[in-house]
Amino acid sequence: VPGYANTIPYTLGGTAFVSFLVLVLTGIVLTQFYHPSTTGANASVHAIAADPVLSLVRNIHFWLAQAMFVAVLLHLFRVFATGAYKRPRELQWVVGVLLFAASIALLFTGAVIKWDEEGYEALQHNEQIANALAGPGGWFASSYFDAVHIVVRLYSLHVSLLPMAMGGLLLLHFFLIRHHKIAPPVGAEAAKAPGTTVPFTVHLRKIFLYGGAVVGIVLVLALFFPAPLGPAPIDGVEATKPPWPFLWLYGVENYFGLGYVFPATMAFFIGLLAVPLIDRSKSHEPKDRRFIIALGFAVSVLLLALTLSAALSPVTSHF
Ligand code: HEM
């Protein structure tokens, strides 16, 4: 592994991976105590939260999910800033976008299945997806199969389909890193003479050191700040805002209406997938890639502005 890839910006993907492993372990513990049903879900999470050991496991699961999402976001920024999506790593970028989508879907389903007011209101967006996709989108509707409530299907997504998809995509992601090696350095590092390489085991130790530090911070957060949980939902009430990764979409709802949430999400992911097509120059240097860097900056500012305006706005009824 090249020396420059042993720094924090180049170990963010590894940090996200370590977080994912611990999330799987804590998630497996939680499945033993969670009851996937409309009548039992919220009560079972309250029972978990009332137990000193289980509540710690739940709090770690919650805070680590936030930490993993931050690590994935920062990893995406690093890859974007260093132009690491360029030939021959376009497929690597596409797999990354799918990993990002799977991470968001895990956050979404995780929020819904605790089945409190926040989760219930998030679920209403599933119905919007069902309407927008029509035929094949019927799977997202509560009315898909009367005998099994949608909370059970979302639970199976959260604990089985999505983690398995994540595992498969990660295998492909790691295979491609091995195949193409790490992209060349940029900036001051590129100007230096090629440095020495370090054995992979040294790199791995670094990843587990940083990943372990994140888990340590999460443990402290978990001890002092319980994961949010409200009472069972009341139908027809809109009293919450979504978790922070989805706040920008709440901003979209505020300004344009509920019907724009799904198209905005699609536009975001199609835009991400198109990055290697938009920036086709050979150079990895940010100074040679002013257009894509400016575009990325503008989109980030827009998403941040929507997030902040949603955070500051009063709770509004969108349904
Ligand atoms: C669960 C999510 C993810 C995990 C665990 C993960 C893991 C990794 C790891 C361990 C590396 C090696 C270098 C590094 O860590 O910086 C890497 C490289 C890479 N990742 Fe990810 N990744 C994830 C998501 C993403 C996303 C969201 C993107 C972009 C949309 C992406 C695109 C790439 C690319 C293009 C490389 C090659 C970078 C280079 O050669 O410099 N990954 N990933």
# chains A, B, ... in the order shown; residues from 1 in each chain; ligands from 1

call {"tool": "residues_near_ligand", "arguments": {"ligand": "ligand 1", "cutoff": "7 Å", "atoms": "only C-alpha atoms and all ligand atoms", "output": "CSV table (one decimal) with N, CA, C and O atoms, in the first residue's frame"}}
result
chain,number,residue,atom,x,y,z
A,9,PRO,N,-7.5,10.5,5.5
A,9,PRO,CA,-8.4,10.6,4.3
A,9,PRO,C,-8.5,9.3,3.5
A,9,PRO,O,-9.6,9.0,3.0
A,10,TYR,N,-7.5,8.5,3.5
A,10,TYR,CA,-7.5,7.3,2.7
A,10,TYR,C,-7.9,6.0,3.6
A,10,TYR,O,-7.9,4.9,3.1
A,11,THR,N,-8.2,6.2,4.8
A,11,THR,CA,-8.7,5.1,5.6
A,11,THR,C,-10.1,5.3,6.1
A,11,THR,O,-10.7,4.5,6.9
A,12,LEU,N,-10.8,6.3,5.5
A,12,LEU,CA,-12.2,6.5,5.8
A,12,LEU,C,-13.1,5.4,5.4
A,12,LEU,O,-14.1,5.0,6.1
A,13,GLY,N,-12.8,4.8,4.2
A,13,GLY,CA,-13.6,3.6,3.7
A,13,GLY,C,-13.4,2.5,4.7
A,13,GLY,O,-14.4,1.8,5.0
A,14,GLY,N,-12.2,2.3,5.1
A,14,GLY,CA,-11.9,1.2,6.1
A,14,GLY,C,-12.6,1.4,7.4
A,14,GLY,O,-13.2,0.5,8.0
A,16,ALA,N,-15.4,3.1,7.8
A,16,ALA,CA,-16.8,2.8,7.6
A,16,ALA,C,-17.0,1.3,7.6
A,16,ALA,O,-18.0,0.8,8.2
A,17,PHE,N,-16.1,0.5,7.1
A,17,PHE,CA,-16.2,-0.9,7.1
A,17,PHE,C,-16.2,-1.5,8.5
A,17,PHE,O,-17.0,-2.4,8.9
A,72,VAL,N,-18.8,7.4,5.6
A,72,VAL,CA,-19.0,7.1,4.1
A,72,VAL,C,-19.1,8.4,3.4
A,72,VAL,O,-18.5,8.5,2.3
A,73,LEU,N,-19.8,9.4,4.0
A,73,LEU,CA,-19.8,10.8,3.3
A,73,LEU,C,-18.5,11.3,3.1
A,73,LEU,O,-18.1,11.8,2.0
A,75,HIS,N,-15.6,9.7,3.0
A,75,HIS,CA,-14.9,8.9,2.0
A,75,HIS,C,-15.3,9.3,0.6
A,75,HIS,O,-14.5,9.4,-0.3
A,76,LEU,N,-16.6,9.5,0.4
A,76,LEU,CA,-17.1,9.9,-0.9
A,76,LEU,C,-16.5,11.3,-1.3
A,76,LEU,O,-16.0,11.4,-2.4
A,79,VAL,N,-12.8,10.6,-2.3
A,79,VAL,CA,-12.7,10.0,-3.6
A,79,VAL,C,-13.0,11.0,-4.7
A,79,VAL,O,-12.3,11.1,-5.7
A,84,ALA,N,-10.7,10.0,-7.9
A,84,ALA,CA,-10.4,8.6,-7.9
A,84,ALA,C,-11.4,7.8,-8.7
A,84,ALA,O,-11.3,6.6,-8.8
A,85,TYR,N,-12.5,8.5,-9.2
A,85,TYR,CA,-13.5,7.8,-10.0
A,85,TYR,C,-13.2,7.7,-11.4
A,85,TYR,O,-13.9,7.1,-12.2
A,89,ARG,N,-11.4,3.4,-12.8
A,89,ARG,CA,-12.1,3.1,-11.6
A,89,ARG,C,-13.6,3.5,-11.6
A,89,ARG,O,-14.2,3.7,-10.6
A,90,GLU,N,-14.1,3.6,-12.8
A,90,GLU,CA,-15.5,4.1,-12.9
A,90,GLU,C,-16.5,3.1,-12.3
A,90,GLU,O,-17.4,3.4,-11.6
A,92,GLN,N,-15.8,1.1,-9.9
A,92,GLN,CA,-15.6,1.2,-8.4
A,92,GLN,C,-16.5,2.3,-7.9
A,92,GLN,O,-17.0,2.2,-6.8
A,93,TRP,N,-16.6,3.4,-8.6
A,93,TRP,CA,-17.4,4.6,-8.2
A,93,TRP,C,-18.9,4.1,-8.2
A,93,TRP,O,-19.6,4.4,-7.3
A,94,VAL,N,-19.3,3.4,-9.3
A,94,VAL,CA,-20.7,2.9,-9.3
A,94,VAL,C,-21.0,2.0,-8.2
A,94,VAL,O,-22.1,2.2,-7.5
A,95,VAL,N,-20.1,1.1,-7.9
A,95,VAL,CA,-20.4,0.2,-6.7
A,95,VAL,C,-20.4,1.1,-5.4
A,95,VAL,O,-21.3,0.8,-4.6
A,96,GLY,N,-19.6,2.1,-5.3
A,96,GLY,CA,-19.6,3.0,-4.2
A,96,GLY,C,-21.0,3.7,-4.1
A,96,GLY,O,-21.5,3.8,-3.0
A,97,VAL,N,-21.5,4.2,-5.2
A,97,VAL,CA,-22.8,4.8,-5.2
A,97,VAL,C,-23.9,3.8,-4.7
A,97,VAL,O,-24.8,4.2,-3.9
A,99,LEU,N,-23.4,1.3,-2.7
A,99,LEU,CA,-23.1,1.2,-1.2
A,99,LEU,C,-23.7,2.3,-0.5
A,99,LEU,O,-24.3,2.2,0.6
A,100,PHE,N,-23.6,3.5,-1.0
A,100,PHE,CA,-24.2,4.7,-0.4
A,100,PHE,C,-25.7,4.6,-0.3
A,100,PHE,O,-26.3,4.9,0.7
A,103,SER,N,-26.6,2.2,2.3
A,103,SER,CA,-26.4,2.8,3.7
A,103,SER,C,-27.6,3.6,4.0
A,103,SER,O,-28.1,3.6,5.1
A,170,LEU,N,-19.6,-4.9,-1.0
A,170,LEU,CA,-18.3,-4.6,-0.3
A,170,LEU,C,-17.2,-5.6,-0.9
A,170,LEU,O,-16.1,-5.2,-1.2
A,173,HIS,N,-16.3,-4.2,-4.1
A,173,HIS,CA,-15.6,-2.9,-3.9
A,173,HIS,C,-14.1,-3.3,-3.5
A,173,HIS,O,-13.2,-2.7,-4.1
A,174,PHE,N,-13.9,-4.2,-2.6
A,174,PHE,CA,-12.6,-4.6,-2.2
A,174,PHE,C,-11.8,-5.3,-3.3
A,174,PHE,O,-10.6,-5.0,-3.5
A,177,ILE,N,-10.5,-2.6,-5.6
A,177,ILE,CA,-9.4,-1.8,-5.0
A,177,ILE,C,-8.1,-2.6,-5.2
A,177,ILE,O,-7.1,-2.1,-5.7
A,181,LYS,N,-5.6,-1.1,-7.6
A,181,LYS,CA,-4.7,-0.4,-6.7
A,181,LYS,C,-5.3,1.0,-6.4
A,181,LYS,O,-6.2,1.4,-7.0
A,182,ILE,N,-4.7,1.7,-5.4
A,182,ILE,CA,-5.2,3.0,-5.0
A,182,ILE,C,-4.9,4.0,-6.0
A,182,ILE,O,-3.8,4.0,-6.6
A,183,ALA,N,-5.8,5.0,-6.3
A,183,ALA,CA,-5.6,6.0,-7.3
A,183,ALA,C,-4.3,6.8,-7.0
A,183,ALA,O,-4.0,6.9,-5.8
A,184,PRO,N,-3.7,7.5,-8.0
A,184,PRO,CA,-2.5,8.3,-7.7
A,184,PRO,C,-2.8,9.4,-6.8
A,184,PRO,O,-3.9,9.9,-6.7
A,272,LEU,N,-24.9,11.6,-9.1
A,272,LEU,CA,-23.7,10.9,-8.5
A,272,LEU,C,-23.1,9.9,-9.5
A,272,LEU,O,-21.9,9.9,-9.8

call {"tool": "residues_around", "arguments": {"residues": "Lys241 in chain A", "least_positions_apart": "5", "cutoff": "9 Å", "atoms": "only C-alpha atoms", "output": "list in words"}}
result
Glu118, Glu121, Ala122, Phe246, Leu247, Tyr250, Ala310, Ala311, Val315 and Thr316 of chain A

call {"tool": "write_last_selection", "arguments": {"atoms": "N, CA, C and O atoms", "output": "short mmCIF file (atom, residue, chain, number, x, y, z; two decimals), in the first residue's frame"}}
result
data_model
loop_
_atom_site.label_atom_id
_atom_site.label_comp_id
_atom_site.auth_asym_id
_atom_site.auth_seq_id
_atom_site.Cartn_x
_atom_site.Cartn_y
_atom_site.Cartn_z
N GLU A 118 -41.90 9.19 14.60
CA GLU A 118 -40.91 9.52 13.55
C GLU A 118 -40.86 8.42 12.48
O GLU A 118 -40.88 8.70 11.28
N GLU A 121 -44.10 8.31 10.39
CA GLU A 121 -44.18 9.38 9.40
C GLU A 121 -43.21 9.14 8.25
O GLU A 121 -43.50 9.45 7.09
N ALA A 122 -42.04 8.56 8.57
CA ALA A 122 -41.08 8.23 7.51
C ALA A 122 -41.70 7.21 6.56
O ALA A 122 -41.52 7.27 5.34
N PHE A 246 -31.85 12.88 6.27
CA PHE A 246 -32.99 13.07 5.37
C PHE A 246 -33.57 14.47 5.45
O PHE A 246 -34.56 14.77 4.79
N LEU A 247 -32.96 15.32 6.27
CA LEU A 247 -33.53 16.66 6.49
C LEU A 247 -33.60 17.47 5.20
O LEU A 247 -34.54 18.25 5.00
N TYR A 250 -36.76 17.01 3.65
CA TYR A 250 -37.82 17.73 4.36
C TYR A 250 -37.86 19.18 3.84
O TYR A 250 -38.94 19.76 3.67
N ALA A 310 -34.50 23.24 6.83
CA ALA A 310 -35.45 22.26 7.38
C ALA A 310 -35.28 22.14 8.90
O ALA A 310 -36.25 22.03 9.64
N ALA A 311 -34.01 22.21 9.36
CA ALA A 311 -33.76 22.08 10.80
C ALA A 311 -34.37 23.26 11.55
O ALA A 311 -34.86 23.11 12.68
N VAL A 315 -42.32 22.28 12.50
CA VAL A 315 -42.86 21.04 11.93
C VAL A 315 -44.10 21.39 11.12
O VAL A 315 -44.99 22.09 11.61
N THR A 316 -44.12 20.92 9.86
CA THR A 316 -45.22 21.28 8.97
C THR A 316 -45.92 20.02 8.50
O THR A 316 -45.29 18.97 8.39
#

call {"tool": "residues_around", "arguments": {"residues": "range 209-222 of chain A", "least_positions_apart": "6", "cutoff": "12 Å", "atoms": "only C-alpha atoms", "output": "VMD selection string"}}
result
chain A and resid 6 to 23 26 49 52 to 68 70 to 71 202 to 203 228

call {"tool": "closest_atom_pairs", "arguments": {"of": "range 32-91 of chain A", "to": "range 282-304 of chain A", "cutoff": "9 Å", "atoms": "only C-alpha atoms", "output": "tab-separated table"}}
result
residue	atom	partner	partner_atom	distance
A:Phe80	CA	A:Ile293	CA	8.3
A:Ala81	CA	A:Pro286	CA	6.6
A:Thr82	CA	A:His284	CA	6.0
A:Gly83	CA	A:His284	CA	4.8
A:Ala84	CA	A:His284	CA	7.2
A:Lys86	CA	A:Lys282	CA	7.5
A:Arg87	CA	A:Lys282	CA	8.1

call {"tool": "write_last_selection", "arguments": {"atoms": "N, CA, C and O atoms", "output": "short mmCIF file (atom, residue, chain, number, x, y, z; two decimals), in the first residue's frame"}}
result
data_model
loop_
_atom_site.label_atom_id
_atom_site.label_comp_id
_atom_site.auth_asym_id
_atom_site.auth_seq_id
_atom_site.Cartn_x
_atom_site.Cartn_y
_atom_site.Cartn_z
N PHE A 80 -14.04 11.87 -4.43
CA PHE A 80 -14.44 12.91 -5.39
C PHE A 80 -13.32 13.93 -5.56
O PHE A 80 -12.91 14.26 -6.68
N ALA A 81 -12.78 14.41 -4.44
CA ALA A 81 -11.76 15.47 -4.49
C ALA A 81 -10.49 15.00 -5.18
O ALA A 81 -9.83 15.78 -5.87
N THR A 82 -10.14 13.72 -5.04
CA THR A 82 -8.89 13.23 -5.64
C THR A 82 -9.15 12.62 -7.03
O THR A 82 -8.24 12.00 -7.60
N GLY A 83 -10.37 12.78 -7.55
CA GLY A 83 -10.68 12.26 -8.90
C GLY A 83 -10.48 10.76 -9.02
O GLY A 83 -10.18 10.26 -10.12
N ALA A 84 -10.66 10.04 -7.92
CA ALA A 84 -10.37 8.60 -7.93
C ALA A 84 -11.44 7.79 -8.69
O ALA A 84 -11.32 6.58 -8.81
N LYS A 86 -12.01 8.22 -11.83
CA LYS A 86 -11.66 8.22 -13.26
C LYS A 86 -11.19 6.85 -13.72
O LYS A 86 -10.79 6.02 -12.92
N ARG A 87 -11.20 6.70 -15.06
CA ARG A 87 -10.71 5.47 -15.68
C ARG A 87 -9.43 5.00 -15.02
O ARG A 87 -8.54 5.83 -14.83
#

call {"tool": "residues_around", "arguments": {"residues": "range 33-39 of chain A", "least_positions_apart": "2", "cutoff": "8 Å", "atoms": "only C-alpha atoms", "output": "ChimeraX atom specification"}}
result
/A:29-31,41-45,48,113,115,149,151-152,155

call {"tool": "write_last_selection", "arguments": {"atoms": "N, CA and C atoms", "output": "PDB file, in the first residue's frame"}}
result
ATOM      1  N   VAL A  29     -27.708  -8.912  18.011  1.00  0.00           N
ATOM      2  CA  VAL A  29     -28.185  -8.959  19.407  1.00  0.00           C
ATOM      3  C   VAL A  29     -29.606  -8.371  19.479  1.00  0.00           C
ATOM      4  N   LEU A  30     -29.803  -7.231  18.815  1.00  0.00           N
ATOM      5  CA  LEU A  30     -31.112  -6.564  18.911  1.00  0.00           C
ATOM      6  C   LEU A  30     -32.242  -7.409  18.316  1.00  0.00           C
ATOM      7  N   THR A  31     -31.923  -8.196  17.258  1.00  0.00           N
ATOM      8  CA  THR A  31     -32.995  -9.009  16.645  1.00  0.00           C
ATOM      9  C   THR A  31     -33.590 -10.011  17.646  1.00  0.00           C
ATOM     10  N   ALA A  41     -43.849  -3.845  17.952  1.00  0.00           N
ATOM     11  CA  ALA A  41     -42.540  -3.242  17.655  1.00  0.00           C
ATOM     12  C   ALA A  41     -42.159  -2.153  18.658  1.00  0.00           C
ATOM     13  N   ASN A  42     -43.025  -1.150  18.799  1.00  0.00           N
ATOM     14  CA  ASN A  42     -42.672  -0.017  19.657  1.00  0.00           C
ATOM     15  C   ASN A  42     -42.484  -0.467  21.108  1.00  0.00           C
ATOM     16  N   ALA A  43     -43.366  -1.376  21.573  1.00  0.00           N
ATOM     17  CA  ALA A  43     -43.258  -1.849  22.961  1.00  0.00           C
ATOM     18  C   ALA A  43     -41.949  -2.613  23.158  1.00  0.00           C
ATOM     19  N   SER A  44     -41.548  -3.429  22.144  1.00  0.00           N
ATOM     20  CA  SER A  44     -40.308  -4.205  22.309  1.00  0.00           C
ATOM     21  C   SER A  44     -39.094  -3.275  22.342  1.00  0.00           C
ATOM     22  N   VAL A  45     -39.107  -2.192  21.556  1.00  0.00           N
ATOM     23  CA  VAL A  45     -37.966  -1.263  21.586  1.00  0.00           C
ATOM     24  C   VAL A  45     -37.938  -0.533  22.934  1.00  0.00           C
ATOM     25  N   ILE A  48     -36.361  -2.877  25.300  1.00  0.00           N
ATOM     26  CA  ILE A  48     -34.898  -2.883  25.085  1.00  0.00           C
ATOM     27  C   ILE A  48     -34.301  -1.650  25.769  1.00  0.00           C
ATOM     28  N   ILE A 113     -38.591   1.004  11.594  1.00  0.00           N
ATOM     29  CA  ILE A 113     -39.004  -0.186  12.357  1.00  0.00           C
ATOM     30  C   ILE A 113     -39.055   0.032  13.873  1.00  0.00           C
ATOM     31  N   TRP A 115     -40.893   2.087  15.004  1.00  0.00           N
ATOM     32  CA  TRP A 115     -42.344   2.249  15.024  1.00  0.00           C
ATOM     33  C   TRP A 115     -42.834   3.264  16.052  1.00  0.00           C
ATOM     34  N   HIS A 149     -47.826  -7.162   7.359  1.00  0.00           N
ATOM     35  CA  HIS A 149     -47.731  -5.699   7.416  1.00  0.00           C
ATOM     36  C   HIS A 149     -46.393  -5.220   6.876  1.00  0.00           C
ATOM     37  N   VAL A 151     -44.307  -3.195   7.987  1.00  0.00           N
ATOM     38  CA  VAL A 151     -43.215  -3.079   8.962  1.00  0.00           C
ATOM     39  C   VAL A 151     -42.404  -4.389   9.011  1.00  0.00           C
ATOM     40  N   VAL A 152     -43.075  -5.511   8.754  1.00  0.00           N
ATOM     41  CA  VAL A 152     -42.382  -6.812   8.749  1.00  0.00           C
ATOM     42  C   VAL A 152     -41.487  -6.903   7.514  1.00  0.00           C
ATOM     43  N   TYR A 155     -38.556  -4.720   8.016  1.00  0.00           N
ATOM     44  CA  TYR A 155     -37.654  -5.367   8.976  1.00  0.00           C
ATOM     45  C   TYR A 155     -36.779  -6.398   8.248  1.00  0.00           C
TER      46      TYR A 155
END

call {"tool": "residues_around", "arguments": {"residues": "range 158-164 of chain A", "least_positions_apart": "3", "cutoff": "9 Å", "atoms": "only C-alpha atoms", "output": "PyMOL selection string"}}
result
chain A and resi 24+27-28+31+102-103+105-110+113+153-155+167-169

call {"tool": "residues_around", "arguments": {"residues": "range 189-195 of chain A", "least_positions_apart": "4", "cutoff": "8 Å", "atoms": "only C-alpha atoms", "output": "VMD selection string"}}
result
chain A and resid 2 to 4 184 to 185

call {"tool": "residues_around", "arguments": {"residues": "Gln124 in chain A", "least_positions_apart": "5", "cutoff": "10 Å", "atoms": "only C-alpha atoms", "output": "list in words"}}
result
Val112, Gly119, Ile129, Ala141, Ser142 and Phe319 of chain A

call {"tool": "write_last_selection", "arguments": {"atoms": "N, CA, C and O atoms", "output": "compact mmCIF listing (two decimals), in the first residue's frame"}}
result
# COMPACT_ATOMS: atom_id res chain seq x y z
N VAL A 112 -37.74 3.49 10.53
CA VAL A 112 -39.17 3.11 10.48
C VAL A 112 -39.49 2.01 11.49
O VAL A 112 -40.50 2.08 12.20
N GLY A 119 -40.82 7.17 12.96
CA GLY A 119 -40.75 6.03 12.04
C GLY A 119 -42.00 5.93 11.20
O GLY A 119 -41.95 5.68 9.98
N ILE A 129 -43.27 6.58 -2.82
CA ILE A 129 -42.43 5.86 -3.78
C ILE A 129 -43.31 4.90 -4.58
O ILE A 129 -43.19 4.79 -5.80
N ALA A 141 -45.77 -0.24 -1.12
CA ALA A 141 -47.05 0.17 -0.53
C ALA A 141 -47.43 -0.74 0.63
O ALA A 141 -47.13 -1.93 0.63
N SER A 142 -48.13 -0.15 1.60
CA SER A 142 -48.60 -0.96 2.75
C SER A 142 -49.57 -2.04 2.28
O SER A 142 -49.67 -3.10 2.89
N PHE A 319 -48.70 15.89 4.36
CA PHE A 319 -49.54 14.85 3.77
C PHE A 319 -50.96 15.32 3.56
O PHE A 319 -51.47 16.09 4.33

call {"tool": "closest_residue", "arguments": {"among": "A:Asn126, A:Ile270, A:Asn254, A:Asn131", "to": "Ser313 in chain A", "atoms": "only C-alpha atoms"}}
result
A:Asn254

call {"tool": "closest_residue", "arguments": {"among": "A:Phe69, A:Phe224, A:Trp139, A:Phe200", "to": "Val1 in chain A", "atoms": "only C-alpha atoms"}}
result
A:Phe200

call {"tool": "closest_residue", "arguments": {"among": "A:Ala305, A:Ala5, A:Ala227, A:Val148", "to": "Ala50 in chain A", "atoms": "only C-alpha atoms"}}
result
A:Ala227

call {"tool": "atom_distance", "arguments": {"atom1": "CA of Arg178 in chain A", "atom2": "CA of Ser281 in chain A"}}
result
23.9 Å

call {"tool": "select_by_dssp", "arguments": {"residues": "range 23-222 of chain A", "states": "alpha helix (DSSP H)", "output": "short mmCIF file (atom, residue, chain, number, x, y, z; two decimals) with C-alpha atoms, in the first residue's frame"}}
result
data_model
loop_
_atom_site.label_atom_id
_atom_site.label_comp_id
_atom_site.auth_asym_id
_atom_site.auth_seq_id
_atom_site.Cartn_x
_atom_site.Cartn_y
_atom_site.Cartn_z
CA LEU A 23 -23.31 -2.65 13.43
CA VAL A 24 -23.95 -6.20 12.20
CA LEU A 25 -22.92 -7.65 15.59
CA THR A 26 -25.03 -5.24 17.67
CA GLY A 27 -27.90 -5.66 15.17
CA ILE A 28 -27.85 -9.45 15.63
CA VAL A 29 -28.19 -8.96 19.41
CA LEU A 30 -31.11 -6.56 18.91
CA THR A 31 -32.99 -9.01 16.65
CA ALA A 41 -42.54 -3.24 17.65
CA ASN A 42 -42.67 -0.02 19.66
CA ALA A 43 -43.26 -1.85 22.96
CA SER A 44 -40.31 -4.20 22.31
CA VAL A 45 -37.97 -1.26 21.59
CA HIS A 46 -39.17 0.40 24.82
CA ALA A 47 -38.39 -2.86 26.66
CA ILE A 48 -34.90 -2.88 25.08
CA ALA A 49 -34.42 0.77 26.11
CA ALA A 50 -35.46 -0.05 29.69
CA PRO A 52 -29.36 -1.45 31.12
CA VAL A 53 -27.33 -3.81 28.89
CA LEU A 54 -29.69 -3.96 25.90
CA SER A 55 -30.14 -0.19 25.90
CA LEU A 56 -26.36 0.18 25.66
CA VAL A 57 -26.32 -2.20 22.67
CA ARG A 58 -29.16 -0.21 21.07
CA ASN A 59 -27.44 3.13 21.73
CA ILE A 60 -24.18 1.83 20.23
CA HIS A 61 -26.13 0.59 17.18
CA PHE A 62 -27.75 4.02 16.77
CA TRP A 63 -24.61 6.14 17.24
CA LEU A 64 -22.47 3.84 15.12
CA ALA A 65 -24.99 4.13 12.28
CA GLN A 66 -24.51 7.93 12.44
CA ALA A 67 -20.71 7.51 12.57
CA MET A 68 -20.68 5.09 9.65
CA PHE A 69 -22.79 7.46 7.56
CA VAL A 70 -20.39 10.34 8.33
CA ALA A 71 -17.39 8.13 7.44
CA VAL A 72 -19.05 7.09 4.14
CA LEU A 73 -19.84 10.75 3.32
CA LEU A 74 -16.26 11.86 4.05
CA HIS A 75 -14.93 8.88 2.05
CA LEU A 76 -17.12 9.94 -0.88
CA PHE A 77 -15.75 13.53 -0.61
CA ARG A 78 -12.15 12.22 -0.55
CA VAL A 79 -12.72 10.01 -3.61
CA PHE A 80 -14.44 12.91 -5.39
CA ALA A 81 -11.76 15.47 -4.49
CA GLU A 90 -15.53 4.06 -12.95
CA LEU A 91 -17.09 0.74 -11.88
CA GLN A 92 -15.55 1.23 -8.43
CA TRP A 93 -17.42 4.55 -8.21
CA VAL A 94 -20.70 2.95 -9.34
CA VAL A 95 -20.36 0.21 -6.71
CA GLY A 96 -19.63 3.01 -4.19
CA VAL A 97 -22.84 4.83 -5.18
CA LEU A 98 -24.78 1.58 -4.65
CA LEU A 99 -23.10 1.17 -1.23
CA PHE A 100 -24.15 4.73 -0.42
CA ALA A 101 -27.75 3.94 -1.47
CA ALA A 102 -27.72 0.76 0.67
CA SER A 103 -26.41 2.76 3.66
CA ILE A 104 -29.24 5.29 3.27
CA ALA A 105 -31.82 2.51 2.88
CA LEU A 106 -30.49 0.94 6.12
CA LEU A 107 -30.87 4.29 7.93
CA PHE A 108 -34.40 4.67 6.55
CA THR A 109 -35.63 1.17 7.40
CA GLY A 110 -33.93 1.38 10.82
CA ALA A 111 -35.82 4.60 11.56
CA VAL A 112 -39.17 3.11 10.48
CA ILE A 113 -39.00 -0.19 12.36
CA GLU A 117 -44.15 8.73 15.45
CA GLU A 118 -40.91 9.52 13.55
CA GLY A 119 -40.75 6.03 12.04
CA TYR A 120 -44.42 6.03 11.15
CA GLU A 121 -44.18 9.38 9.40
CA ALA A 122 -41.08 8.23 7.51
CA LEU A 123 -43.09 5.22 6.34
CA GLN A 124 -45.62 7.51 4.66
CA HIS A 125 -42.86 8.28 2.14
CA ASN A 126 -42.81 4.65 1.12
CA GLU A 127 -46.34 5.14 -0.14
CA GLN A 128 -45.10 8.07 -2.21
CA ILE A 129 -42.43 5.86 -3.78
CA ALA A 130 -45.13 3.28 -4.53
CA ASN A 131 -47.23 5.96 -6.28
CA ALA A 132 -44.28 7.37 -8.21
CA LEU A 133 -43.09 3.96 -9.45
CA ILE A 150 -45.17 -3.48 5.70
CA VAL A 151 -43.22 -3.08 8.96
CA VAL A 152 -42.38 -6.81 8.75
CA ARG A 153 -41.19 -6.47 5.15
CA LEU A 154 -39.08 -3.43 6.03
CA TYR A 155 -37.65 -5.37 8.98
CA SER A 156 -36.60 -8.19 6.64
CA LEU A 162 -29.80 -4.84 2.76
CA PRO A 163 -26.90 -6.18 4.91
CA MET A 164 -26.45 -9.04 2.41
CA ALA A 165 -26.48 -6.60 -0.51
CA MET A 166 -23.98 -4.47 1.40
CA GLY A 167 -21.76 -7.53 2.00
CA GLY A 168 -21.82 -8.51 -1.70
CA LEU A 169 -21.12 -4.96 -2.85
CA LEU A 170 -18.29 -4.63 -0.34
CA LEU A 171 -16.66 -7.80 -1.66
CA LEU A 172 -16.80 -6.34 -5.18
CA HIS A 173 -15.56 -2.95 -3.90
CA PHE A 174 -12.57 -4.57 -2.19
CA PHE A 175 -11.81 -6.80 -5.18
CA LEU A 176 -11.72 -3.73 -7.42
CA ILE A 177 -9.41 -1.85 -5.02
CA ARG A 178 -7.03 -4.82 -5.12
CA HIS A 179 -7.30 -5.06 -8.88
CA HIS A 180 -6.76 -1.36 -9.73
CA ALA A 188 1.67 18.33 -2.75
CA GLU A 189 1.85 14.54 -2.43
CA ALA A 190 1.89 14.13 -6.25
CA ALA A 191 4.80 16.58 -6.55
CA PHE A 200 -0.97 -4.42 3.74
CA THR A 201 -0.97 -5.69 7.35
CA VAL A 202 0.38 -2.30 8.52
CA HIS A 203 -2.39 -0.56 6.57
CA LEU A 204 -4.98 -2.93 8.04
CA ARG A 205 -3.71 -2.17 11.55
CA LYS A 206 -4.18 1.55 10.85
CA ILE A 207 -7.76 0.94 9.66
CA PHE A 208 -8.61 -1.02 12.81
CA LEU A 209 -6.90 1.64 14.95
CA TYR A 210 -9.02 4.45 13.45
CA GLY A 211 -12.13 2.26 13.32
CA GLY A 212 -11.54 1.29 16.96
CA ALA A 213 -11.20 4.98 17.91
CA VAL A 214 -14.58 5.69 16.29
CA VAL A 215 -16.15 2.76 18.15
CA GLY A 216 -14.60 4.14 21.38
CA ILE A 217 -16.13 7.59 20.82
CA VAL A 218 -19.46 5.95 19.99
CA LEU A 219 -19.30 3.97 23.25
CA VAL A 220 -18.98 7.21 25.24
CA LEU A 221 -21.88 8.77 23.29
CA ALA A 222 -23.94 5.61 23.85
#
